[in-house]
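Below is one structure, written out as structure tokens; comments come after it.
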Amino acid sequence: MEDKVLSIQQMNVLRYLGIDTSTASLYWWVGKDFELVAMKTKDYREVEPGDEPEEKRIDAFVVEDILDILPREIETDEAIYRRTIFWKGNDCIMAYCNEEDFEDKLYVRYGNSILEASYFMLKSLKMQKAL
């Protein structure tokens with residue numbers, strides 16, 4: 001399951017950039033030394049309120065959470081660029097492609113998975129103030 005969600009470090013980067021992570025579908029349940037204890041869905045409640053002083057929940061995005069945040073399209077004065085995901089060899093590529101000329105791309109990010117490419121795109125758009 002760990003390869004299906006962003007890591008604690010990746011989630012911390014997104015929070016540092018100002019991305020609201022409260023919409024995450026899952027969370028990491030970590031102990032006092034930040035070792036991974038469990039991963040739970042948001043509606044799961046294992047302890048009573050107030051019984052978790054040495055434990056912390058850290059939101060964890062899955063691909064769908066990131067895609068919900070990323071715009072489906074970006075409009076410029078010249079064109080409309082649609083979010084596109086495709087594979088080239090072993091690389092997953094997320095790009096905003098001109099709807100009339102697929103070779104014209106506004107943003108392009110590569111990853112080893114859809115999750116990784118989506119994470120890099122979200123981070124990049126936020127850093128470039130395009131979100």
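Each chain in the structure tokens gets a letter, A, B and so on, in the order shown; residues start at 1 in every chain, and ligands are counted from 1 in the order they appear.
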Item to check | Non-local contacts of A:Val108 (7 Å; only C-alpha atoms; under 2 positions in same chain excluded) as a PyMOL selection string | outcome: chain A and resi 93-96+105-106+110
What does the file look like for those residues with N, CA and C atoms, as a compact mmCIF listing (two decimals), in the first residue's frame?
# COMPACT_ATOMS: atom_id res chain seq x y z
N ILE A 93 4.27 10.15 -17.86
CA ILE A 93 4.40 11.57 -18.17
C ILE A 93 3.05 12.23 -17.95
N MET A 94 3.06 13.30 -17.15
CA MET A 94 1.88 14.13 -17.01
C MET A 94 2.20 15.46 -17.66
N ALA A 95 1.31 15.91 -18.52
CA ALA A 95 1.56 17.15 -19.25
C ALA A 95 0.24 17.89 -19.46
N TYR A 96 0.36 19.17 -19.65
CA TYR A 96 -0.77 19.98 -20.09
C TYR A 96 -0.53 20.26 -21.56
N LYS A 105 3.13 21.61 -25.46
CA LYS A 105 2.89 21.31 -24.05
C LYS A 105 3.27 22.50 -23.19
N LEU A 106 2.43 22.80 -22.22
CA LEU A 106 2.68 23.92 -21.32
C LEU A 106 3.55 23.50 -20.14
N TYR A 110 7.73 14.14 -15.29
CA TYR A 110 7.97 12.70 -15.45
C TYR A 110 7.99 12.03 -14.08
(Q) List the spatial neighbours of stretch 22-25 of chain A as a PyMOL selection string - criterion: any atom at most 6 Å away, only C-alpha atoms, same-chain residues fewer than 3 positions off excluded. (A) chain A and resi 59-61
Would you save the residues from that selection as a tab-separated table (two decimals), in the first residue's frame, using N, CA and C atoms?
chain	number	residue	atom	x	y	z
A	59	ASP	N	-1.72	13.37	6.95
A	59	ASP	CA	-2.51	13.11	5.75
A	59	ASP	C	-1.66	12.47	4.66
A	60	ALA	N	-2.29	11.61	3.85
A	60	ALA	CA	-1.59	10.92	2.77
A	60	ALA	C	-2.45	10.93	1.51
A	61	PHE	N	-1.97	11.60	0.47
A	61	PHE	CA	-2.69	11.66	-0.80
A	61	PHE	C	-2.50	10.37	-1.60
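The residues of stretch 47-97 of chain A that DSSP assigns to helix (DSSP H, G or I) on this backbone come out as A:Val63, A:Glu64, A:Asp65, A:Ile66, A:Leu67, A:Asp68, A:Ile69.
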Go ahead and dump the residues you just picked, C-alpha atoms, as a compact mmCIF listing (two decimals), in the first residue's frame.
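Everything below was put into out_1.txt:
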# COMPACT_ATOMS: atom_id res chain seq x y z
CA VAL A 63 -3.53 9.66 -7.06
CA GLU A 64 -7.22 10.59 -7.07
CA ASP A 65 -6.66 13.20 -4.35
CA ILE A 66 -3.96 14.89 -6.40
CA LEU A 67 -6.00 14.77 -9.61
CA ASP A 68 -8.86 16.46 -7.74
CA ILE A 69 -6.55 19.38 -6.90
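For the set A:Asn90, A:Asn112, A:Ser124, A:Thr76, the residue with the smallest atom-to-atom gap to A:Leu14 is A:Ser124, counting only C-alpha atoms.
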Judged by only C-alpha atoms, the minimum distance to A:Cys97 among A:Ser118, A:Leu6, A:Glu73, A:Arg109 is found for A:Glu73
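Considering the residues A:Ser113, A:Thr84, A:Ser7, A:Gln128 and counting only C-alpha atoms, A:Leu26 has its shortest atom-to-atom contact with A:Ser7.
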- strand (DSSP E or B) call set, DSSP backbone run, stretch 55-87 of chain A, as a PyMOL selection string: chain A and resi 56-60+73-75+80-87
Deliver the residues from the most recent selection as a file, using C-alpha atoms, as a PDB file, in the first residue's frame.
ATOM      1  CA  LYS A  56       0.191  11.825  15.205  1.00  0.00           C
ATOM      2  CA  ARG A  57      -1.796  11.511  12.023  1.00  0.00           C
ATOM      3  CA  ILE A  58      -0.273  12.801   8.795  1.00  0.00           C
ATOM      4  CA  ASP A  59      -2.509  13.114   5.746  1.00  0.00           C
ATOM      5  CA  ALA A  60      -1.587  10.918   2.767  1.00  0.00           C
ATOM      6  CA  GLU A  73      -7.161  22.421 -18.117  1.00  0.00           C
ATOM      7  CA  ILE A  74      -5.150  25.612 -18.117  1.00  0.00           C
ATOM      8  CA  GLU A  75      -6.214  28.424 -20.394  1.00  0.00           C
ATOM      9  CA  ILE A  80      -6.342  25.712 -23.848  1.00  0.00           C
ATOM     10  CA  TYR A  81      -4.038  23.060 -22.405  1.00  0.00           C
ATOM     11  CA  ARG A  82      -5.641  19.857 -21.128  1.00  0.00           C
ATOM     12  CA  ARG A  83      -4.185  17.600 -18.459  1.00  0.00           C
ATOM     13  CA  THR A  84      -2.880  14.445 -20.113  1.00  0.00           C
ATOM     14  CA  ILE A  85      -1.215  11.327 -18.712  1.00  0.00           C
ATOM     15  CA  PHE A  86       0.677   8.890 -20.909  1.00  0.00           C
ATOM     16  CA  TRP A  87       3.527   6.413 -20.797  1.00  0.00           C
TER      17      TRP A  87
END
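Interatomic distance, atom CA of A:Arg72 to atom CA of A:Leu131: 11.5 Å.
Interatomic distance, atom CA of A:Ala79 to atom CA of A:Asp101: 9.5 Å.
Here atom CA of A:Glu116 stands at a distance of 9.6 Å from atom CA of A:Asp3.
The residue that comes closest to A:Glu78, out of A:Tyr107, A:Met11, A:Leu17, A:Glu100 and on the basis of only C-alpha atoms, is A:Glu100.
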